[in-house]
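Report on the following structure.
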Amino acid sequence: MSNAEQVISRGASSSSRSVVGEGTAADDEEVTVTTEEEVVRSGTLLELDLLDCPVCCHALTTPIFQCDNGHIACSSCCTKLRNRCPSCTLPIGVYRNRMMERVVEAIIVPCPNAKHGCTDKFSYGKELVHEKECSFALCYCPAPHCNYSGLYIDLYRHYYANHSCPWEYFRCGYDGQAWMHISDEILVLQEGREGPLVAIQCFEEEQGVYVTVNCITPCSPGVSEFSFQLSYSAYGNAARSMSFGMGEMNRIQKVSFETPDKDFMCVPHYFLDGETSLKMNICIRRREKKKEKKRKHDEETEVVDKVLRRRRGGNEEGV
């Protein structure tokens, strides 16, 4: 029996089917299958992995292909397998399994962060794309030995109430100090009271000390979008200085202490000259939204137009 037949046999002729999945990210995850019939009936799908490609185990998406024996695979796997079925070696990648495509497109699942407040729903498989940008995704406290996790707004309040220091803060658009012992590995700055958290981390490596700057927040559009400029000067030697900045600061939900492979500033050991601390300066700026940029551009254009019109008027009067 094919995947489509197994799914359909669990409640054929349903128009709205409440489906409970096991082995998914959320316990008792509810999904809905909808067709054009008016009669509302329900059924249960116990294994959502029936809707995954049996080759790569990722969610099936249109187009879905099958061989003459009924084995199925997603289009990317068909290409990687050079159009040979991994189960029976028959050709695969020409004939589509239309029934399975309809089943996959009909199943609606909630966001994995539904239990945290997200109400969005998606076709099966597409919720994983949304999860990366969901503003209800959990963020984790960067303080050592603290296991708190919660929505980013709640995390900021938690950190201010339990871990904040008066001198570990930043103001957008202003230069500030970022001094830390290399052995501490992390310095967390917070914007004002209960504002966003920025984690500055250092990693001692053979080439030098790597320094990264990340904002602890979900990757949701418009949420805590910053740019930054970080600078370091060797103590007593202004000639040994360097700077590092990004137009868009990386956003993370949880700090990692694995050595980064990109987006870092490397301070060579000879710059440090035996120093065990990094005395850096940082300027963090809030990125302007596209609408705000367009508004300012329109205002600037309007001012320029007014000036040009006045100049033309003055030239005409002089003539």
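Order determines the names: the first chain of the structure tokens is A, the second B, and so forth; residues in each chain are numbered 1 upward, and ligands are numbered 1 upward as they are shown.
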Inset, instruction - Would you kindly return, as a count of residues only, each protein, DNA or RNA residue with an atom no farther than 6 Å from any atom of segment 219-226 of chain A, considering only C-alpha atoms and excluding same-chain residues fewer than 5 positions away? - result: 8
Inset, instruction - Write out as a PyMOL selection string which residues come within 10 Å of Ile284 of chain A when counting only C-alpha atoms, dropping same-chain ones fewer than 4 positions away. - result: chain A and resi 170-176+191+198+226-230+245-246+249
Selection file, C-alpha atoms, as a JSON list (two decimals), in the first residue's frame:
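Saved result, part.json, follows:
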```json
[["chain", "number", "residue", "atom", "x", "y", "z"],
["A", 170, "PHE", "CA", 24.37, 50.11, 25.65],
["A", 171, "ARG", "CA", 22.61, 53.09, 24.10],
["A", 172, "CYS", "CA", 21.83, 53.00, 20.41],
["A", 173, "GLY", "CA", 23.95, 55.39, 18.38],
["A", 174, "TYR", "CA", 26.47, 56.05, 21.17],
["A", 175, "ASP", "CA", 29.99, 54.70, 21.65],
["A", 176, "GLY", "CA", 30.29, 52.49, 24.71],
["A", 191, "GLU", "CA", 19.69, 48.30, 26.09],
["A", 198, "VAL", "CA", 23.65, 41.76, 22.83],
["A", 226, "PHE", "CA", 20.83, 46.29, 14.77],
["A", 227, "SER", "CA", 24.12, 47.17, 13.12],
["A", 228, "PHE", "CA", 27.37, 47.60, 15.04],
["A", 229, "GLN", "CA", 30.98, 48.78, 14.90],
["A", 230, "LEU", "CA", 33.49, 47.15, 17.25],
["A", 245, "GLY", "CA", 31.44, 45.88, 12.00],
["A", 246, "MET", "CA", 28.32, 44.50, 10.34],
["A", 249, "MET", "CA", 23.98, 42.11, 13.38]]
```
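Proximity ranking of A:Cys202, A:Leu81, A:Cys215, A:Leu50 relative to Met180 of chain A places A:Cys202 first, based on only C-alpha atoms.
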Legend entry - All residues 12 Å or closer to segment 256-261 of chain A, only C-alpha atoms, same chain fewer than 6 positions away omitted, as a PyMOL selection string: chain A and resi 140-142+144+184-186+199-206+208-214+216
Selection from above, C-alpha atoms, as a PDB file, in the first residue's frame, can you write it?
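The new file out.pdb reads:
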```
ATOM      1  CA  TYR A 140      17.545  31.220  26.133  1.00  0.00           C
ATOM      2  CA  CYS A 141      19.186  33.184  28.922  1.00  0.00           C
ATOM      3  CA  PRO A 142      22.904  33.801  28.266  1.00  0.00           C
ATOM      4  CA  PRO A 144      26.022  31.179  33.185  1.00  0.00           C
ATOM      5  CA  ASP A 184      35.021  35.072  30.989  1.00  0.00           C
ATOM      6  CA  GLU A 185      34.226  34.179  27.347  1.00  0.00           C
ATOM      7  CA  ILE A 186      31.051  36.273  27.240  1.00  0.00           C
ATOM      8  CA  ALA A 199      26.175  38.997  23.537  1.00  0.00           C
ATOM      9  CA  ILE A 200      29.872  39.711  22.913  1.00  0.00           C
ATOM     10  CA  GLN A 201      31.852  36.469  23.005  1.00  0.00           C
ATOM     11  CA  CYS A 202      35.569  35.717  22.757  1.00  0.00           C
ATOM     12  CA  PHE A 203      37.226  32.455  21.740  1.00  0.00           C
ATOM     13  CA  GLU A 204      40.935  31.903  22.392  1.00  0.00           C
ATOM     14  CA  GLU A 205      42.432  30.137  19.390  1.00  0.00           C
ATOM     15  CA  GLU A 206      45.880  29.441  17.988  1.00  0.00           C
ATOM     16  CA  GLY A 208      44.465  34.843  18.340  1.00  0.00           C
ATOM     17  CA  VAL A 209      41.233  35.727  20.079  1.00  0.00           C
ATOM     18  CA  TYR A 210      38.064  35.618  17.983  1.00  0.00           C
ATOM     19  CA  VAL A 211      35.361  38.108  18.984  1.00  0.00           C
ATOM     20  CA  THR A 212      31.714  37.818  17.890  1.00  0.00           C
ATOM     21  CA  VAL A 213      28.705  40.091  18.423  1.00  0.00           C
ATOM     22  CA  ASN A 214      25.150  38.690  18.315  1.00  0.00           C
ATOM     23  CA  ILE A 216      19.643  37.337  21.338  1.00  0.00           C
TER      24      ILE A 216
END
```
Inset, instruction - Determine the nearest neighbour of Arg102 of chain A from the options A:Cys165, A:Ala59, A:Leu272, A:Ile64, counting only C-alpha atoms. - result: A:Ile64
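Nearest residue to Ile282 of chain A, choosing from A:Ser243, A:Ala114, A:Asn162, A:Asp49 and counting only C-alpha atoms: A:Ser243.
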If DSSP is run on the backbone, what residues of segment 86-229 of chain A are strand (DSSP E)? A reply as a JSON list (two decimals) with N, CA and C atoms, in the first residue's frame would be ideal.
```
[["chain", "number", "residue", "atom", "x", "y", "z"],
["A", 95, "TYR", "N", 6.71, 9.89, -13.61],
["A", 95, "TYR", "CA", 5.29, 9.83, -13.26],
["A", 95, "TYR", "C", 5.07, 10.40, -11.86],
["A", 96, "ARG", "N", 4.14, 11.34, -11.77],
["A", 96, "ARG", "CA", 3.84, 11.97, -10.49],
["A", 96, "ARG", "C", 2.72, 11.23, -9.77],
["A", 107, "ILE", "N", -3.23, 18.82, 4.13],
["A", 107, "ILE", "CA", -3.00, 18.75, 5.56],
["A", 107, "ILE", "C", -2.43, 20.07, 6.07],
["A", 108, "ILE", "N", -3.11, 20.63, 7.07],
["A", 108, "ILE", "CA", -2.73, 21.91, 7.66],
["A", 108, "ILE", "C", -2.24, 21.64, 9.08],
["A", 109, "VAL", "N", -1.07, 22.19, 9.41],
["A", 109, "VAL", "CA", -0.50, 21.99, 10.74],
["A", 109, "VAL", "C", -0.26, 23.33, 11.40],
["A", 110, "PRO", "N", -0.33, 23.38, 12.73],
["A", 110, "PRO", "CA", -0.04, 24.64, 13.44],
["A", 110, "PRO", "C", 1.45, 24.89, 13.51],
["A", 121, "LYS", "N", -1.03, 28.87, 10.86],
["A", 121, "LYS", "CA", -1.11, 27.47, 10.40],
["A", 121, "LYS", "C", -0.63, 27.40, 8.95],
["A", 122, "PHE", "N", -0.10, 26.23, 8.58],
["A", 122, "PHE", "CA", 0.53, 26.09, 7.28],
["A", 122, "PHE", "C", 0.30, 24.70, 6.71],
["A", 123, "SER", "N", 0.52, 24.58, 5.40],
["A", 123, "SER", "CA", 0.53, 23.26, 4.79],
["A", 123, "SER", "C", 1.70, 22.48, 5.37],
["A", 139, "CYS", "N", 13.75, 31.94, 23.34],
["A", 139, "CYS", "CA", 15.13, 32.41, 23.45],
["A", 139, "CYS", "C", 15.65, 32.01, 24.83],
["A", 140, "TYR", "N", 16.96, 31.79, 24.92],
["A", 140, "TYR", "CA", 17.54, 31.22, 26.13],
["A", 140, "TYR", "C", 18.46, 32.23, 26.82],
["A", 149, "SER", "N", 14.24, 30.01, 29.80],
["A", 149, "SER", "CA", 13.92, 30.21, 28.38],
["A", 149, "SER", "C", 12.51, 30.76, 28.30],
["A", 150, "GLY", "N", 12.26, 31.57, 27.27],
["A", 150, "GLY", "CA", 10.94, 32.16, 27.12],
["A", 150, "GLY", "C", 10.89, 33.04, 25.89],
["A", 169, "TYR", "N", 25.60, 47.86, 29.76],
["A", 169, "TYR", "CA", 24.43, 48.32, 29.00],
["A", 169, "TYR", "C", 24.93, 49.03, 27.74],
["A", 170, "PHE", "N", 24.02, 49.33, 26.82],
["A", 170, "PHE", "CA", 24.37, 50.11, 25.65],
["A", 170, "PHE", "C", 23.23, 51.05, 25.30],
["A", 175, "ASP", "N", 28.84, 55.55, 21.37],
["A", 175, "ASP", "CA", 29.99, 54.70, 21.65],
["A", 175, "ASP", "C", 29.96, 54.28, 23.12],
["A", 176, "GLY", "N", 30.26, 53.00, 23.34],
["A", 176, "GLY", "CA", 30.29, 52.49, 24.71],
["A", 176, "GLY", "C", 31.45, 51.53, 24.89],
["A", 177, "GLN", "N", 31.80, 51.27, 26.14],
["A", 177, "GLN", "CA", 32.89, 50.36, 26.44],
["A", 177, "GLN", "C", 32.41, 48.92, 26.45],
["A", 178, "ALA", "N", 33.26, 48.04, 25.97],
["A", 178, "ALA", "CA", 33.00, 46.60, 26.02],
["A", 178, "ALA", "C", 34.28, 45.95, 26.54],
["A", 179, "TRP", "N", 34.45, 45.99, 27.85],
["A", 179, "TRP", "CA", 35.65, 45.45, 28.49],
["A", 179, "TRP", "C", 35.32, 44.10, 29.09],
["A", 180, "MET", "N", 36.19, 43.13, 28.84],
["A", 180, "MET", "CA", 35.94, 41.78, 29.36],
["A", 180, "MET", "C", 37.25, 41.02, 29.51],
["A", 181, "HIS", "N", 37.27, 40.12, 30.50],
["A", 181, "HIS", "CA", 38.38, 39.20, 30.64],
["A", 181, "HIS", "C", 38.21, 38.08, 29.61],
["A", 186, "ILE", "N", 32.26, 35.59, 27.71],
["A", 186, "ILE", "CA", 31.05, 36.27, 27.24],
["A", 186, "ILE", "C", 30.78, 37.52, 28.07],
["A", 187, "LEU", "N", 30.33, 38.57, 27.38],
["A", 187, "LEU", "CA", 29.88, 39.81, 28.00],
["A", 187, "LEU", "C", 28.53, 40.14, 27.39],
["A", 188, "VAL", "N", 27.52, 40.36, 28.23],
["A", 188, "VAL", "CA", 26.16, 40.64, 27.75],
["A", 188, "VAL", "C", 25.82, 42.09, 28.06],
["A", 189, "LEU", "N", 25.47, 42.84, 27.02],
["A", 189, "LEU", "CA", 25.04, 44.22, 27.17],
["A", 189, "LEU", "C", 23.53, 44.30, 26.94],
["A", 190, "GLN", "N", 22.86, 45.13, 27.72],
["A", 190, "GLN", "CA", 21.41, 45.28, 27.57],
["A", 190, "GLN", "C", 21.08, 46.74, 27.31],
["A", 191, "GLU", "N", 20.12, 46.94, 26.41],
["A", 191, "GLU", "CA", 19.69, 48.30, 26.09],
["A", 191, "GLU", "C", 18.69, 48.79, 27.13],
["A", 197, "LEU", "N", 19.12, 42.19, 24.30],
["A", 197, "LEU", "CA", 20.40, 41.70, 24.81],
["A", 197, "LEU", "C", 21.37, 41.48, 23.66],
["A", 198, "VAL", "N", 22.58, 41.97, 23.81],
["A", 198, "VAL", "CA", 23.65, 41.76, 22.83],
["A", 198, "VAL", "C", 24.78, 40.99, 23.51],
["A", 199, "ALA", "N", 25.13, 39.84, 22.96],
["A", 199, "ALA", "CA", 26.17, 39.00, 23.54],
["A", 199, "ALA", "C", 27.48, 39.19, 22.77],
["A", 200, "ILE", "N", 28.52, 39.60, 23.48],
["A", 200, "ILE", "CA", 29.87, 39.71, 22.91],
["A", 200, "ILE", "C", 30.68, 38.54, 23.46],
["A", 201, "GLN", "N", 31.14, 37.67, 22.58],
["A", 201, "GLN", "CA", 31.85, 36.47, 23.01],
["A", 201, "GLN", "C", 33.28, 36.46, 22.47],
["A", 202, "CYS", "N", 34.19, 35.86, 23.23],
["A", 202, "CYS", "CA", 35.57, 35.72, 22.76],
["A", 202, "CYS", "C", 35.98, 34.25, 22.84],
["A", 203, "PHE", "N", 36.77, 33.84, 21.86],
["A", 203, "PHE", "CA", 37.23, 32.46, 21.74],
["A", 203, "PHE", "C", 38.74, 32.47, 21.54],
["A", 204, "GLU", "N", 39.48, 31.91, 22.48],
["A", 204, "GLU", "CA", 40.93, 31.90, 22.39],
["A", 204, "GLU", "C", 41.39, 30.76, 21.50],
["A", 208, "GLY", "N", 44.77, 33.67, 17.53],
["A", 208, "GLY", "CA", 44.47, 34.84, 18.34],
["A", 208, "GLY", "C", 43.14, 34.66, 19.04],
["A", 209, "VAL", "N", 42.53, 35.76, 19.40],
["A", 209, "VAL", "CA", 41.23, 35.73, 20.08],
["A", 209, "VAL", "C", 40.15, 36.17, 19.09],
["A", 210, "TYR", "N", 39.19, 35.29, 18.85],
["A", 210, "TYR", "CA", 38.06, 35.62, 17.98],
["A", 210, "TYR", "C", 36.99, 36.31, 18.82],
["A", 211, "VAL", "N", 36.41, 37.37, 18.28],
["A", 211, "VAL", "CA", 35.36, 38.11, 18.98],
["A", 211, "VAL", "C", 34.12, 38.18, 18.09],
["A", 212, "THR", "N", 32.98, 37.78, 18.63],
["A", 212, "THR", "CA", 31.71, 37.82, 17.89],
["A", 212, "THR", "C", 30.72, 38.71, 18.62],
["A", 213, "VAL", "N", 29.77, 39.25, 17.87],
["A", 213, "VAL", "CA", 28.71, 40.09, 18.42],
["A", 213, "VAL", "C", 27.37, 39.60, 17.86],
["A", 214, "ASN", "N", 26.46, 39.21, 18.74],
["A", 214, "ASN", "CA", 25.15, 38.69, 18.32],
["A", 214, "ASN", "C", 24.06, 39.24, 19.21],
["A", 215, "CYS", "N", 22.90, 39.45, 18.62],
["A", 215, "CYS", "CA", 21.72, 39.86, 19.40],
["A", 215, "CYS", "C", 20.88, 38.63, 19.70],
["A", 216, "ILE", "N", 20.46, 38.49, 20.95],
["A", 216, "ILE", "CA", 19.64, 37.34, 21.34],
["A", 216, "ILE", "C", 18.18, 37.68, 21.10],
["A", 226, "PHE", "N", 19.76, 45.34, 14.45],
["A", 226, "PHE", "CA", 20.83, 46.29, 14.77],
["A", 226, "PHE", "C", 22.00, 46.16, 13.79],
["A", 227, "SER", "N", 22.81, 47.21, 13.74],
["A", 227, "SER", "CA", 24.12, 47.17, 13.12],
["A", 227, "SER", "C", 25.11, 47.53, 14.22],
["A", 228, "PHE", "N", 26.40, 47.27, 13.99],
["A", 228, "PHE", "CA", 27.37, 47.60, 15.04],
["A", 228, "PHE", "C", 28.75, 47.85, 14.44],
["A", 229, "GLN", "N", 29.57, 48.56, 15.22],
["A", 229, "GLN", "CA", 30.98, 48.78, 14.90],
["A", 229, "GLN", "C", 31.78, 48.52, 16.17]]
```
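Here the question is which of A:Glu131, A:Arg98, A:His269, A:Tyr124 gets nearest to Pro112 of chain A using only C-alpha atoms, and that residue is A:Glu131.
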Inset, instruction - Output as a PyMOL selection string all residues of segment 74-274 of chain A that backbone DSSP marks as alpha helix (DSSP H). - result: chain A and resi 75-80+98-106+127-131+152-162+269-272
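Between atom CA of Gln253 of chain A and atom CA of Thr217 of chain A the interatomic distance comes to 5.4 Å.
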Legend entry - d(atom CA of Tyr232 of chain A, atom CA of His163 of chain A) in Å: 26.1 Å
Inset, instruction - May I have the residues within 9 Å of Cys78 of chain A as a ChimeraX atom specification, using only C-alpha atoms and disregarding those fewer than 5 positions away in the same chain? - result: /A:65,73,83-85,92-93
